[in-house]
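J.: One file is attached below, my_file.txt, containing compact mmCIF, C-alpha atoms.
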# COMPACT_ATOMS: atom_id res chain seq x y z
CA MET A 1 92.30 102.06 -49.01
CA ASP A 2 90.62 98.99 -50.43
CA SER A 3 92.19 99.55 -53.83
CA ILE A 4 95.63 99.67 -52.17
CA PHE A 5 94.93 96.31 -50.54
CA TYR A 6 93.83 94.69 -53.80
CA LEU A 7 96.80 96.14 -55.68
CA THR A 8 99.23 94.87 -53.02
CA ALA A 9 97.56 91.46 -52.97
CA ALA A 10 97.90 91.24 -56.76
CA VAL A 11 101.58 92.19 -56.49
CA SER A 12 102.22 89.56 -53.83
CA VAL A 13 100.44 86.78 -55.75
CA PHE A 14 102.23 87.67 -58.98
CA ALA A 15 105.62 87.83 -57.25
CA THR A 16 105.01 84.46 -55.57
CA LEU A 17 104.01 82.98 -58.91
CA MET A 18 107.28 84.25 -60.37
CA VAL A 19 109.21 82.73 -57.43
CA ILE A 20 108.04 79.21 -58.18
CA THR A 21 108.58 79.45 -61.93
CA ARG A 22 112.01 81.11 -62.23
CA HIS A 23 114.98 79.04 -63.38
CA ASN A 24 117.73 81.15 -61.84
CA PRO A 25 117.82 80.96 -58.00
CA VAL A 26 118.85 84.60 -57.55
CA HIS A 27 115.93 85.86 -59.67
CA ALA A 28 113.54 83.72 -57.59
CA LEU A 29 115.04 85.18 -54.43
CA LEU A 30 114.50 88.74 -55.68
CA TYR A 31 110.85 87.99 -56.43
CA LEU A 32 110.45 86.39 -53.01
CA ILE A 33 111.76 89.57 -51.38
CA VAL A 34 109.19 91.59 -53.37
CA SER A 35 106.50 89.19 -52.17
CA LEU A 36 107.62 89.63 -48.54
CA LEU A 37 107.58 93.42 -48.88
CA SER A 38 104.06 93.39 -50.30
CA LEU A 39 102.92 91.12 -47.45
CA SER A 40 104.44 93.62 -45.06
CA VAL A 41 102.33 96.38 -46.65
CA ILE A 42 99.26 94.19 -46.17
CA PHE A 43 100.16 93.71 -42.48
CA TYR A 44 100.37 97.48 -42.14
CA LEU A 45 96.98 97.92 -43.77
CA LEU A 46 95.56 95.34 -41.38
CA GLY A 47 96.63 97.45 -38.41
CA ALA A 48 99.70 95.42 -37.41
CA PRO A 49 102.67 97.78 -37.89
CA PHE A 50 104.91 95.80 -35.51
CA ALA A 51 104.48 92.60 -37.52
CA ALA A 52 105.10 94.56 -40.73
CA LEU A 53 108.44 95.81 -39.37
CA LEU A 54 109.41 92.33 -38.18
CA GLU A 55 108.57 90.92 -41.61
CA ILE A 56 110.95 93.35 -43.31
CA ILE A 57 113.76 93.21 -40.72
CA ILE A 58 113.86 89.46 -40.03
CA TYR A 59 112.47 87.86 -43.19
CA ALA A 60 113.66 90.15 -45.96
CA GLY A 61 116.72 91.26 -44.01
CA ALA A 62 118.10 88.18 -42.29
CA ILE A 63 116.62 84.98 -43.69
CA MET A 64 116.94 86.02 -47.34
CA VAL A 65 120.58 86.98 -46.73
CA LEU A 66 121.16 83.41 -45.50
CA PHE A 67 119.70 82.12 -48.78
CA ILE A 68 121.92 84.46 -50.79
CA PHE A 69 125.00 83.29 -48.86
CA VAL A 70 124.23 79.65 -49.60
CA ILE A 71 123.56 80.33 -53.29
CA MET A 72 126.87 82.19 -53.51
CA LEU A 73 128.65 79.36 -51.67
CA LEU A 74 127.27 76.74 -54.02
CA ASN A 75 128.02 78.93 -57.05
CA LEU A 76 124.76 78.13 -58.78
CA GLY A 77 124.64 79.80 -62.14
CA LYS A 78 123.89 79.09 -65.76
CA GLU A 79 124.08 75.30 -65.48
CA THR A 80 121.44 75.26 -62.76
CA ALA A 81 119.16 77.49 -64.83
CA LYS A 82 119.52 75.15 -67.83
CA GLN A 83 118.88 72.08 -65.68
CA GLU A 84 115.77 73.68 -64.16
CA LYS A 85 114.49 74.54 -67.62
CA GLU A 86 114.75 70.89 -68.61
CA TRP A 87 113.01 69.74 -65.43
CA LEU A 88 110.10 72.18 -65.67
CA LYS A 89 108.40 71.36 -68.97
CA PRO A 90 104.93 72.93 -69.45
CA ARG A 91 103.11 69.87 -70.74
CA ILE A 92 103.84 68.05 -67.47
CA TRP A 93 102.08 70.52 -65.20
CA VAL A 94 99.53 72.29 -67.42
CA GLY A 95 96.76 69.70 -67.04
CA PRO A 96 96.69 69.32 -63.22
CA ALA A 97 97.24 73.07 -62.79
CA PHE A 98 94.20 73.87 -64.95
CA LEU A 99 91.96 71.45 -63.03
CA SER A 100 93.14 72.84 -59.69
CA LEU A 101 92.45 76.36 -60.98
CA ILE A 102 88.82 75.40 -61.66
CA LEU A 103 88.49 74.08 -58.09
CA PHE A 104 89.99 77.25 -56.69
CA ALA A 105 87.61 79.43 -58.73
CA GLU A 106 84.72 77.38 -57.30
CA LEU A 107 86.05 78.07 -53.80
CA PHE A 108 86.11 81.82 -54.53
CA TYR A 109 82.55 81.70 -55.88
CA LEU A 110 81.17 79.77 -52.92
CA ILE A 111 82.77 82.04 -50.34
CA TYR A 112 81.67 85.24 -52.06
CA THR A 113 78.06 84.19 -52.59
CA SER A 114 77.54 83.19 -48.95
CA ALA A 115 79.65 85.77 -47.10
CA PRO A 116 77.78 87.45 -44.22
CA GLU A 117 77.63 91.24 -44.28
CA THR A 118 79.69 91.95 -41.18
CA ASN A 119 82.23 94.53 -42.27
CA SER A 120 83.69 96.25 -39.26
CA ALA A 121 86.59 98.68 -39.63
CA ILE A 122 89.88 97.19 -38.46
CA GLN A 123 91.60 98.71 -35.44
CA THR A 124 95.34 99.01 -35.00
CA VAL A 125 97.00 96.54 -32.62
CA ASP A 126 100.18 98.33 -31.63
CA SER A 127 103.46 96.91 -30.38
CA LYS A 128 102.67 97.62 -26.71
CA MET A 129 99.68 95.28 -26.75
CA VAL A 130 101.76 92.65 -28.52
CA ALA A 131 104.59 92.97 -26.02
CA VAL A 132 102.28 92.77 -22.98
CA SER A 133 100.59 89.70 -24.44
CA LEU A 134 103.93 88.16 -25.42
CA PHE A 135 105.58 88.49 -22.02
CA LYS A 136 102.58 87.79 -19.77
CA PRO A 137 100.40 84.88 -20.94
CA TYR A 138 102.84 83.62 -23.60
CA ILE A 139 106.07 83.76 -21.57
CA LEU A 140 106.44 79.98 -21.58
CA ALA A 141 106.15 79.90 -25.37
CA VAL A 142 108.83 82.61 -25.60
CA GLU A 143 111.18 80.45 -23.55
CA LEU A 144 110.39 77.48 -25.77
CA ALA A 145 111.08 79.57 -28.89
CA ALA A 146 114.44 80.57 -27.40
CA MET A 147 115.27 76.90 -26.85
CA LEU A 148 114.18 76.13 -30.42
CA LEU A 149 116.51 78.81 -31.78
CA MET A 150 119.34 77.48 -29.62
CA ALA A 151 118.73 73.98 -30.96
CA GLY A 152 118.69 75.44 -34.47
CA VAL A 153 122.08 77.10 -34.01
CA VAL A 154 123.66 73.99 -32.49
CA GLY A 155 122.11 71.75 -35.14
CA ALA A 156 123.24 73.95 -38.02
CA ALA A 157 126.78 74.11 -36.61
CA HIS A 158 126.81 70.33 -36.20
CA ILE A 159 125.36 69.50 -39.62
CA GLY A 160 127.41 72.10 -41.44
CA GLN A 161 130.83 70.88 -40.38
CA HIS A 162 132.93 68.94 -42.83
CA LYS A 163 133.91 65.52 -41.70
CA LYS A 164 137.39 64.62 -42.83
CA SER A 165 137.56 60.93 -43.59
CA ASN A 166 140.86 59.40 -42.57
CA LEU A 167 141.09 56.42 -44.86
CA HIS A 168 144.05 54.27 -45.70
CA ARG A 169 145.63 55.31 -48.97
CA PHE A 170 144.58 52.04 -50.63
CA LEU A 171 140.96 52.64 -49.68
CA LYS A 172 140.80 56.24 -50.91
CA GLU A 173 139.50 55.32 -54.37
CA ARG A 174 136.23 54.30 -52.82
CA ASP A 175 135.50 57.94 -51.99
CA ASN A 176 134.92 58.73 -55.62
CA LEU A 177 132.25 56.10 -56.11
CA MET B 178 95.58 103.03 -42.64
CA ASN B 179 92.65 100.82 -41.76
CA THR B 180 90.93 98.85 -44.44
CA SER B 181 87.37 97.65 -44.67
CA VAL B 182 88.35 94.63 -46.75
CA PRO B 183 86.28 91.63 -45.60
CA PRO B 184 88.32 89.08 -43.62
CA GLU B 185 87.25 86.35 -46.03
CA THR B 186 89.19 88.07 -48.80
CA ILE B 187 92.36 88.19 -46.72
CA MET B 188 91.94 84.53 -45.81
CA LEU B 189 91.50 83.77 -49.51
CA LEU B 190 94.75 85.63 -50.23
CA ALA B 191 96.47 83.57 -47.54
CA ALA B 192 95.01 80.37 -49.05
CA LEU B 193 96.16 81.41 -52.52
CA LEU B 194 99.71 82.05 -51.31
CA PHE B 195 99.71 78.74 -49.40
CA VAL B 196 98.56 76.87 -52.52
CA LEU B 197 101.30 78.57 -54.53
CA GLY B 198 103.83 77.37 -51.93
CA ILE B 199 102.53 73.80 -52.14
CA THR B 200 102.70 74.02 -55.94
CA GLY B 201 106.31 75.12 -55.68
CA VAL B 202 107.19 72.18 -53.44
CA ILE B 203 105.51 69.78 -55.86
CA ILE B 204 106.75 71.02 -59.23
CA ARG B 205 110.38 71.85 -58.42
CA LYS B 206 113.18 69.32 -58.13
CA ASN B 207 115.85 71.73 -56.87
CA ILE B 208 116.12 71.61 -53.08
CA ILE B 209 116.70 75.36 -52.75
CA PHE B 210 113.47 76.13 -54.58
CA MET B 211 111.60 73.67 -52.38
CA LEU B 212 112.91 75.44 -49.27
CA LEU B 213 111.83 78.79 -50.75
CA SER B 214 108.35 77.38 -51.31
CA VAL B 215 108.19 76.24 -47.69
CA GLU B 216 109.01 79.83 -46.73
CA ILE B 217 106.10 81.03 -48.88
CA MET B 218 103.78 78.62 -47.06
CA LEU B 219 104.96 79.81 -43.63
CA ASN B 220 104.36 83.39 -44.70
CA ALA B 221 100.85 82.59 -45.87
CA SER B 222 99.99 81.03 -42.51
CA GLY B 223 101.42 84.11 -40.79
CA LEU B 224 99.17 86.30 -42.91
CA ALA B 225 96.17 84.21 -41.84
CA PHE B 226 97.10 84.64 -38.16
CA ILE B 227 97.52 88.42 -38.55
CA ALA B 228 94.22 88.75 -40.39
CA ALA B 229 92.44 86.82 -37.62
CA GLY B 230 94.11 88.94 -34.93
CA ALA B 231 93.11 92.12 -36.77
CA LYS B 232 89.50 90.97 -37.07
CA TRP B 233 89.15 90.53 -33.29
CA THR B 234 91.55 93.40 -32.42
CA GLN B 235 93.61 91.05 -30.28
CA PRO B 236 97.44 90.86 -30.12
CA ASP B 237 97.47 87.05 -30.14
CA GLY B 238 97.65 86.93 -33.92
CA GLN B 239 100.85 88.97 -33.96
CA VAL B 240 102.28 86.87 -31.10
CA MET B 241 101.71 83.75 -33.19
CA PHE B 242 103.34 85.52 -36.15
CA ILE B 243 106.43 86.19 -34.04
CA PHE B 244 106.59 82.50 -33.11
CA ILE B 245 106.23 81.53 -36.78
CA LEU B 246 109.10 83.93 -37.56
CA ALA B 247 111.36 82.33 -34.92
CA MET B 248 110.49 78.85 -36.19
CA ALA B 249 111.18 79.89 -39.79
CA ALA B 250 114.61 81.23 -38.79
CA ALA B 251 115.54 77.95 -37.06
CA GLU B 252 114.13 75.90 -39.94
CA VAL B 253 116.02 77.87 -42.58
CA SER B 254 119.35 77.57 -40.75
CA ILE B 255 118.98 73.80 -40.38
CA GLY B 256 117.66 73.39 -43.93
CA LEU B 257 120.47 75.38 -45.51
CA ALA B 258 123.08 73.44 -43.51
CA LEU B 259 121.50 70.20 -44.80
CA ILE B 260 121.52 71.58 -48.37
CA LEU B 261 125.22 72.43 -48.11
CA GLN B 262 125.95 68.94 -46.79
CA ILE B 263 123.89 67.28 -49.54
CA TYR B 264 125.65 69.34 -52.19
CA HIS B 265 129.05 68.36 -50.84
CA GLN B 266 128.17 64.68 -50.84
CA HIS B 267 126.21 64.38 -54.09
CA LYS B 268 127.48 67.40 -56.11
CA SER B 269 123.90 68.02 -57.17
CA MET B 270 120.74 69.83 -56.01
CA ASP B 271 118.46 67.18 -57.54
CA ILE B 272 116.03 65.82 -54.96
CA ASP B 273 115.78 62.55 -56.94
CA ARG B 274 119.44 61.88 -56.18
CA LEU B 275 118.47 61.22 -52.57
CA LYS B 276 116.55 58.07 -53.42
CA GLU B 277 119.09 55.99 -51.53
CA MET B 278 117.61 57.29 -48.27
CA ASN B 279 114.59 55.05 -49.03
CA GLY B 280 112.24 57.55 -47.46
Show this structure as structure tokens.
T.:
Amino acid sequence: MDSIFYLTAAVSVFATLMVITRHNPVHALLYLIVSLLSLSVIFYLLGAPFAALLEIIIYAGAIMVLFIFVIMLLNLGKETAKQEKEWLKPRIWVGPAFLSLILFAELFYLIYTSAPETNSAIQTVDSKMVAVSLFKPYILAVELAAMLLMAGVVGAAHIGQHKKSNLHRFLKERDNL
Amino acid sequence: MNTSVPPETIMLLAALLFVLGITGVIIRKNIIFMLLSVEIMLNASGLAFIAAGAKWTQPDGQVMFIFILAMAAAEVSIGLALILQIYHQHKSMDIDRLKEMNG
């Protein structure tokens, strides 16, 4: 089981690395979906099958579809990829990235040399426990999340609408500035 | 189904993913990629919550993950609406074009 975890973790890190270095938005989105799926496998291995299902259904199913809709609406294609390639030159980020990598390796070393030997097997937390906890002590937070989602819907509808400017015909040239 | 991976390793994985998300926000200039990187960071924090909940065998970690999920959905809808609006006004996804906001 441990080897499955390490393999999945490697897949998720590699996919995330590909997300932040791709030039084409759709390719980045595909890699992000792979990363979400591998995280879902990790949730399952950690004994959280309900969270794993939610990760696939809501994240990979709903939120990523929103991203794909916007990318299709904006019609981002070859020009965007070329522009990104110009913006992301290696010699700009190689130096700081290397230094940060050294710091991160030090973090790994420090945590692994001083980790206490308390390895207990992980138990499954099933959806019934989550639901009881969600709707008894956390009921107020659920209501607040519902209000947040409502505000999100109203805000998106308000921001997304196109305002038609009714200008005099002599003033219309100023729109193009 | 159950692993005996130490919790520190899972937290390190979450930290690694979070750092990758921050890197994405810093190195990209396209707003869509920055929003994707924010999603990566939210996912990494969700992984940390789930790992903590699994260590103590408590459902609170998954409850927090559900709240993170709801917040991410609201954040993505608002963010994508803002991106559409910015693209209509500036005809560009370049974050440097928004300098006039003087933020």
J.: Which is closer to Leu30 (chain A) than all the others in A:Met64, A:Ala97, A:Ile92, A:Ala10, using only C-alpha atoms?
T.: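 Of A:Met64, A:Ala97, A:Ile92, A:Ala10, the one nearest Leu30 (chain A), counting only C-alpha atoms, is A:Met64.
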J.: Can you measure CA of Ala60 (chain A) to CA of Ile33 (chain A) for me? One decimal in Å is fine.
T.: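 One can read the CA of Ala60 (chain A) to CA of Ile33 (chain A) distance as 5.8 Å.
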J.: Mind checking which residues fall within 8 Å of Thr234 (chain B), counting only C-alpha atoms, ignoring those fewer than 4 positions away in the same chain, and posting them as a ChimeraX atom specification?
T.: /A:122-125 /B:230
J.: For the atom pair CA of Ile263 (chain B) and CA of Leu212 (chain B), what is the interatomic distance in Å to one decimal place?
T.: 13.7 Å
J.: Mind checking which residues fall within 7 Å of Pro184 (chain B), counting all atoms listed in the file, ignoring those fewer than 2 positions away in the same chain, and posting them as a list in words?
T.: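 Everything that qualifies: Val182, Thr186, Ile187, Met188, Ala228 and Lys232 of chain B.
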